[in-house]
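Everything below belongs to coords_7.cif, which stores mmCIF, C-alpha atoms.
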```
data_final
#
loop_
_atom_site.label_atom_id
_atom_site.label_comp_id
_atom_site.auth_asym_id
_atom_site.auth_seq_id
_atom_site.Cartn_x
_atom_site.Cartn_y
_atom_site.Cartn_z
CA MET A 1 20.56 -6.06 -45.36
CA LYS A 2 19.10 -8.54 -42.89
CA SER A 3 17.32 -6.92 -39.98
CA THR A 4 18.37 -7.46 -36.35
CA PHE A 5 15.91 -9.60 -34.41
CA THR A 6 16.33 -9.41 -30.63
CA VAL A 7 14.56 -11.10 -27.74
CA THR A 8 14.55 -9.49 -24.29
CA PHE A 9 13.44 -11.53 -21.30
CA LEU A 10 11.04 -9.25 -19.45
CA GLY A 11 10.34 -11.85 -16.77
CA THR A 12 11.52 -15.39 -16.13
CA GLY A 13 9.73 -16.28 -12.89
CA THR A 14 6.84 -18.53 -12.04
CA SER A 15 3.36 -17.29 -11.13
CA GLN A 16 4.43 -15.83 -7.77
CA GLY A 17 7.65 -14.25 -9.01
CA ILE A 18 10.88 -14.25 -7.03
CA PRO A 19 11.15 -13.26 -4.24
CA VAL A 20 7.87 -14.76 -3.12
CA ILE A 21 5.94 -12.53 -0.73
CA GLY A 22 6.75 -13.40 2.87
CA SER A 23 9.16 -16.20 1.99
CA ASP A 24 12.28 -16.96 4.04
CA HIS A 25 13.68 -19.25 1.34
CA GLU A 26 17.36 -18.60 0.68
CA VAL A 27 16.80 -17.85 -3.02
CA CYS A 28 14.14 -15.27 -2.14
CA LYS A 29 16.72 -13.56 0.07
CA SER A 30 19.47 -13.69 -2.58
CA THR A 31 21.29 -10.47 -3.45
CA ASP A 32 22.10 -11.74 -6.96
CA SER A 33 20.02 -9.77 -9.48
CA LYS A 34 19.66 -12.95 -11.58
CA ASP A 35 17.65 -14.48 -8.73
CA LYS A 36 15.06 -11.68 -8.94
CA ARG A 37 12.38 -12.82 -11.38
CA LEU A 38 9.23 -11.05 -12.55
CA ARG A 39 6.37 -12.96 -14.13
CA VAL A 40 7.23 -14.62 -17.43
CA SER A 41 7.23 -12.59 -20.65
CA VAL A 42 9.48 -11.67 -23.57
CA LEU A 43 9.85 -8.68 -25.90
CA LEU A 44 10.50 -9.40 -29.59
CA SER A 45 12.01 -6.51 -31.56
CA TRP A 46 13.00 -5.94 -35.19
CA ASP A 47 12.85 -3.11 -37.74
CA GLY A 48 11.23 -0.73 -35.25
CA PHE A 49 8.54 -3.26 -34.30
CA ASN A 50 7.98 -4.39 -30.72
CA PHE A 51 5.81 -7.40 -29.89
CA VAL A 52 5.34 -8.84 -26.41
CA ILE A 53 4.45 -12.43 -25.54
CA ASP A 54 2.14 -12.37 -22.49
CA CYS A 55 1.35 -9.37 -20.27
CA GLY A 56 1.26 -10.49 -16.67
CA PRO A 57 0.89 -8.43 -13.50
CA ASP A 58 4.43 -7.03 -13.86
CA PHE A 59 3.82 -5.64 -17.38
CA ARG A 60 3.96 -1.98 -16.33
CA GLN A 61 7.21 -2.46 -14.43
CA GLN A 62 8.73 -4.39 -17.32
CA MET A 63 7.85 -1.71 -19.87
CA LEU A 64 9.32 1.02 -17.67
CA ARG A 65 12.48 -0.93 -16.92
CA GLU A 66 13.17 -1.59 -20.62
CA ASN A 67 12.11 1.93 -21.66
CA VAL A 68 9.57 0.62 -24.18
CA SER A 69 7.65 3.49 -25.78
CA LYS A 70 5.69 1.50 -28.36
CA VAL A 71 4.18 -1.99 -28.49
CA ASP A 72 2.76 -3.13 -31.82
CA GLY A 73 0.90 -6.12 -30.44
CA ILE A 74 0.71 -8.75 -27.72
CA LEU A 75 0.62 -12.52 -28.21
CA LEU A 76 -1.02 -14.52 -25.42
CA THR A 77 -0.07 -18.10 -24.66
CA HIS A 78 -3.12 -18.72 -22.47
CA GLU A 79 -5.51 -17.05 -20.03
CA HIS A 80 -3.90 -17.57 -16.61
CA SER A 81 -3.40 -14.42 -14.57
CA ASP A 82 0.39 -14.52 -14.50
CA HIS A 83 0.19 -14.18 -18.31
CA THR A 84 -2.72 -11.72 -18.68
CA ALA A 85 -3.28 -9.66 -15.52
CA GLY A 86 -1.41 -6.65 -16.90
CA LEU A 87 -4.00 -6.06 -19.59
CA ASP A 88 -5.18 -2.76 -18.11
CA ASP A 89 -1.64 -1.35 -18.27
CA ILE A 90 -1.63 -1.14 -22.07
CA ARG A 91 -3.56 2.14 -21.73
CA PRO A 92 -0.57 4.49 -22.23
CA PHE A 93 0.16 2.73 -25.53
CA ASN A 94 -3.51 3.14 -26.52
CA PHE A 95 -3.39 6.86 -25.77
CA LYS A 96 -0.33 7.27 -28.01
CA HIS A 97 -1.01 4.75 -30.77
CA GLY A 98 -4.67 3.66 -30.66
CA ASN A 99 -6.05 0.12 -30.44
CA MET A 100 -3.52 -2.62 -29.79
CA PRO A 101 -3.80 -6.00 -31.54
CA PHE A 102 -3.95 -9.03 -29.24
CA TYR A 103 -3.34 -12.47 -30.72
CA ALA A 104 -4.92 -15.31 -28.77
CA HIS A 105 -7.10 -18.38 -29.00
CA LYS A 106 -10.87 -17.78 -29.01
CA ARG A 107 -11.11 -19.44 -25.58
CA VAL A 108 -8.63 -16.94 -24.13
CA PHE A 109 -10.67 -13.98 -25.37
CA GLU A 110 -13.80 -15.50 -23.83
CA SER A 111 -12.00 -15.64 -20.47
CA LEU A 112 -10.75 -12.06 -20.81
CA ARG A 113 -14.26 -10.80 -21.62
CA GLU A 114 -15.46 -12.18 -18.31
CA ARG A 115 -12.57 -10.84 -16.25
CA PHE A 116 -12.16 -7.49 -18.04
CA ALA A 117 -15.72 -6.80 -19.13
CA TYR A 118 -15.19 -3.04 -19.08
CA ILE A 119 -12.49 -3.33 -21.76
CA PHE A 120 -14.77 -5.23 -24.12
CA ALA A 121 -17.91 -3.15 -23.45
CA THR A 122 -19.73 -1.99 -26.57
CA VAL A 123 -22.24 0.29 -24.84
CA ASN A 124 -21.32 3.20 -22.55
CA LYS A 125 -17.69 2.13 -22.45
CA TYR A 126 -15.59 4.17 -20.02
CA PRO A 127 -13.45 6.55 -22.13
CA GLY A 128 -10.25 5.75 -20.21
CA ALA A 129 -10.54 1.97 -20.59
CA PRO A 130 -7.99 0.12 -22.72
CA SER A 131 -8.86 -0.73 -26.30
CA ILE A 132 -7.73 -3.91 -27.99
CA GLU A 133 -8.20 -5.50 -31.37
CA SER A 134 -8.93 -9.20 -30.89
CA VAL A 135 -7.18 -11.41 -33.44
CA GLU A 136 -8.21 -15.03 -32.97
CA ILE A 137 -5.53 -17.62 -33.66
CA ASP A 138 -5.20 -21.39 -33.26
CA LYS A 139 -2.62 -24.10 -33.78
CA THR A 140 -3.58 -24.72 -37.41
CA THR A 141 -2.86 -21.41 -39.10
CA PRO A 142 0.32 -19.31 -39.17
CA PHE A 143 -0.12 -15.53 -39.05
CA THR A 144 2.03 -12.47 -39.69
CA ILE A 145 3.26 -9.73 -37.35
CA GLY A 146 5.57 -6.95 -38.45
CA GLY A 147 6.24 -8.75 -41.71
CA LYS A 148 7.35 -11.97 -39.99
CA LYS A 149 5.55 -15.31 -40.10
CA VAL A 150 4.49 -16.75 -36.74
CA ILE A 151 3.81 -20.47 -36.38
CA PRO A 152 1.55 -21.31 -33.40
CA ILE A 153 2.49 -24.48 -31.52
CA GLU A 154 0.02 -26.23 -29.22
CA ALA A 155 1.11 -27.80 -25.95
CA PHE A 156 -0.76 -28.74 -22.78
CA HIS A 157 -0.49 -27.16 -19.33
CA ASP A 158 -1.99 -30.10 -17.46
CA LYS A 159 -5.24 -30.39 -19.46
CA LEU A 160 -5.31 -26.75 -20.65
CA PRO A 161 -4.19 -26.11 -24.24
CA VAL A 162 -1.56 -23.38 -24.48
CA LEU A 163 0.09 -21.84 -27.52
CA GLY A 164 3.76 -21.34 -28.10
CA PHE A 165 5.17 -19.39 -31.02
CA ARG A 166 7.91 -19.86 -33.59
CA VAL A 167 9.27 -16.81 -35.41
CA GLU A 168 12.00 -17.71 -37.90
CA ASP A 169 14.70 -19.59 -35.92
CA PHE A 170 13.27 -18.67 -32.50
CA THR A 171 10.69 -20.73 -30.60
CA TYR A 172 9.02 -19.74 -27.33
CA LEU A 173 7.13 -22.31 -25.23
CA THR A 174 6.01 -21.86 -21.66
CA ASP A 175 3.73 -23.64 -19.19
CA VAL A 176 4.29 -26.89 -21.08
CA LYS A 177 3.78 -30.34 -19.57
CA THR A 178 3.02 -32.37 -22.69
CA ILE A 179 3.26 -31.76 -26.43
CA SER A 180 2.32 -34.02 -29.32
CA ASP A 181 4.80 -35.36 -31.85
CA GLU A 182 2.95 -33.45 -34.57
CA GLU A 183 3.48 -30.14 -32.75
CA ILE A 184 7.11 -30.99 -31.94
CA GLU A 185 7.74 -31.16 -35.69
CA LYS A 186 7.00 -27.42 -35.85
CA VAL A 187 9.85 -26.83 -33.39
CA ARG A 188 12.52 -28.87 -35.19
CA GLY A 189 15.20 -26.75 -36.86
CA THR A 190 14.86 -24.00 -34.28
CA LYS A 191 18.21 -22.43 -33.43
CA ILE A 192 17.05 -20.70 -30.23
CA LEU A 193 14.53 -22.43 -27.98
CA VAL A 194 12.93 -20.98 -24.86
CA ILE A 195 11.13 -23.56 -22.73
CA ASN A 196 9.76 -23.69 -19.19
CA ALA A 197 11.68 -25.57 -16.48
CA LEU A 198 9.98 -24.98 -13.16
CA ARG A 199 12.10 -26.87 -10.62
CA GLU A 200 13.92 -30.13 -9.91
CA GLU A 201 10.87 -32.02 -8.58
CA LEU A 202 8.08 -33.27 -10.83
CA HIS A 203 5.07 -30.96 -11.26
CA TYR A 204 1.63 -31.84 -12.58
CA SER A 205 1.41 -29.02 -15.15
CA HIS A 206 4.98 -27.87 -15.92
CA PHE A 207 8.17 -29.44 -17.17
CA ASN A 208 10.67 -29.95 -14.43
CA ILE A 209 14.33 -29.53 -15.33
CA SER A 210 14.77 -33.18 -16.30
CA GLU A 211 11.74 -33.14 -18.61
CA ALA A 212 12.91 -29.87 -20.16
CA LEU A 213 16.34 -31.36 -20.84
CA ASP A 214 14.69 -34.40 -22.43
CA PHE A 215 12.73 -32.07 -24.70
CA VAL A 216 15.92 -30.24 -25.65
CA GLU A 217 17.55 -33.55 -26.56
CA LYS A 218 14.56 -34.42 -28.73
CA VAL A 219 14.43 -31.08 -30.57
CA LYS A 220 18.19 -30.38 -30.66
CA PRO A 221 18.24 -26.56 -30.95
CA LYS A 222 21.57 -24.77 -31.13
CA THR A 223 20.92 -22.96 -27.84
CA THR A 224 18.20 -23.27 -25.20
CA TYR A 225 17.08 -20.91 -22.44
CA PHE A 226 14.95 -22.12 -19.54
CA THR A 227 12.25 -19.82 -18.17
CA HIS A 228 9.22 -19.85 -15.81
CA ILE A 229 11.57 -20.70 -12.97
CA SER A 230 10.60 -21.23 -9.32
CA HIS A 231 12.67 -20.18 -6.35
CA VAL A 232 12.94 -23.84 -5.32
CA MET A 233 15.00 -24.48 -8.46
CA GLY A 234 17.93 -22.98 -6.57
CA PHE A 235 20.37 -20.14 -7.06
CA HIS A 236 20.83 -19.03 -10.67
CA GLU A 237 24.60 -19.29 -10.54
CA ALA A 238 24.60 -22.80 -9.09
CA VAL A 239 21.98 -24.20 -11.48
CA GLU A 240 23.66 -22.62 -14.52
CA LYS A 241 26.89 -24.50 -13.73
CA ARG A 242 25.07 -27.84 -13.79
CA LEU A 243 23.49 -27.39 -17.22
CA PRO A 244 24.90 -28.56 -20.56
CA LYS A 245 27.03 -25.93 -22.31
CA ASN A 246 24.31 -25.08 -24.84
CA VAL A 247 21.52 -24.78 -22.20
CA HIS A 248 21.14 -21.75 -19.92
CA LEU A 249 18.85 -20.37 -17.27
CA ALA A 250 17.37 -17.19 -18.65
CA TYR A 251 17.20 -14.17 -16.35
CA ASP A 252 15.30 -10.91 -16.37
CA THR A 253 16.80 -8.24 -18.72
CA LEU A 254 18.78 -10.83 -20.73
CA THR A 255 18.76 -9.83 -24.42
CA ILE A 256 19.75 -12.23 -27.19
CA THR A 257 20.09 -11.68 -30.92
CA ILE A 258 18.57 -14.28 -33.22
#
```

Is it possible to express this structure as structure tokens?
Amino acid sequence: MKSTFTVTFLGTGTSQGIPVIGSDHEVCKSTDSKDKRLRVSVLLSWDGFNFVIDCGPDFRQQMLRENVSKVDGILLTHEHSDHTAGLDDIRPFNFKHGNMPFYAHKRVFESLRERFAYIFATVNKYPGAPSIESVEIDKTTPFTIGGKKVIPIEAFHDKLPVLGFRVEDFTYLTDVKTISDEEIEKVRGTKILVINALREELHYSHFNISEALDFVEKVKPKTTYFTHISHVMGFHEAVEKRLPKNVHLAYDTLTITI
């Protein structure tokens, strides 16, 4: 019997989240729950395994909201704080299950060692500090998690290389501005695509909605979900109505089955 593979959107917001602190923007004041967005992350689940892509500053809140009691590993797209600042909050999982594997590029681990030196300490490490197992990955070599093959996909966030991930017929890409034809070939055949679409206006390091739609047309997945969404994109309900029938704005707590 084929296992059930689900993806839960833990957060779909940009680096500030929505509402933005102190903002009087109409979307930040919206009462629609779909306009409330934590920092971007997804939970991948199958056969009792739980893997998370990115652990930003809302990681604790996301784990509590979704009642997650076990995480088998975390995949990091890149080192920016909205994707990594929740690292300390893996501690309860450590206490229950021991070291947690983190899958990231060597450069990302180098950044984390500077910012979270106490976690990586090898001498006189504080007993309550988190413990991680560093698994270095790059765009060239697939790896396996929970019995499933993961294909890393390199894109660029301005000039910074970031990794997306394909697992079977699901591909997750965020913080993308450019991507080579060679890496796009890894995405072709995907049934479910998640891709960043920050806002209507052009941005120097993210797809805007027009660029994201162009990418969808190039890759031609069955269904696409936009994520990493800014409040200036507009109200969820209004934007959703303007999109093609097979393209949707993701929202926090949305769960899809692959």

- Task: Rank A:Pro101, A:Arg113, A:Gly147, A:Ala250 by their smallest atom-to-atom distance to Ile132 of chain A, using all atoms listed in the file, and report the top residue only.
- Result: A:Pro101

- Task: Name the closest residue to Asp214 of chain A among the candidates A:Arg242, A:Arg39, A:Lys186, A:Lys177; distances are taken between atoms, counting all atoms listed in the file.
- Result: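 Once distances to Asp214 of chain A are computed over all atoms listed in the file, the minimum belongs to A:Lys177.
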
- Message: Residues within 6 Å of segment 190-204 of chain A, please, as a PyMOL selection string. Count only C-alpha atoms; anything in the same chain fewer than 5 positions from it doesn't count.
- Response: chain A and resi 169-174+209+212+221-230+233

Distance query Pro92 of chain A at most 10 Å, all atoms listed in the file, self and fewer than 5 positions along chain excluded, as a compact mmCIF listing (two decimals) with C-alpha atoms, in the frame of the given file:
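Ended up saving to part-v6.txt:
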```
# COMPACT_ATOMS: atom_id res chain seq x y z
CA ARG A 60 3.96 -1.98 -16.33
CA SER A 69 7.65 3.49 -25.78
CA LYS A 70 5.69 1.50 -28.36
CA HIS A 97 -1.01 4.75 -30.77
CA GLY A 98 -4.67 3.66 -30.66
CA GLY A 128 -10.25 5.75 -20.21
CA PRO A 130 -7.99 0.12 -22.72
```

- Which distance in Å separates atom CA of Thr122 of chain A and atom CA of Ile74 of chain A, to one decimal? 21.6 Å

- Task: Figure out the distance between atom CA of Tyr118 of chain A and atom CA of Glu79 of chain A, please, to one decimal in Å.
- Result: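 These two atoms are separated by 17.1 Å.
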
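Taking atom CA of Ser30 of chain A as the reference point, atom CA of Val232 of chain A is found at 12.4 Å.
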
- Message: Given the point (-9.3, -10.5, -31.9) in the file's coordinates, find the residues that have an atom at most 9 Å from it, counting all atoms listed in the file, and give them as a ChimeraX atom specification.
- Response: /A:101-106,109,132-137

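Distance check against Phe235 of chain A using only C-alpha atoms: of A:His206, A:Lys29, A:Lys96, A:His80, the minimum falls on A:Lys29.
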
- Task: Using only C-alpha atoms, determine which residues lie at most 12 Å from Asp138 of chain A, disregarding the query and same-chain residues fewer than 4 positions distant; provide the list as number ranges by chain.
- Result: A: 75-78, 103-108, 142-143, 150-155, 161-165

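Among the candidates A:Phe207, A:Cys55, A:Val123, A:Asp35, the one nearest to Leu249 of chain A when counting all atoms listed in the file is A:Asp35.
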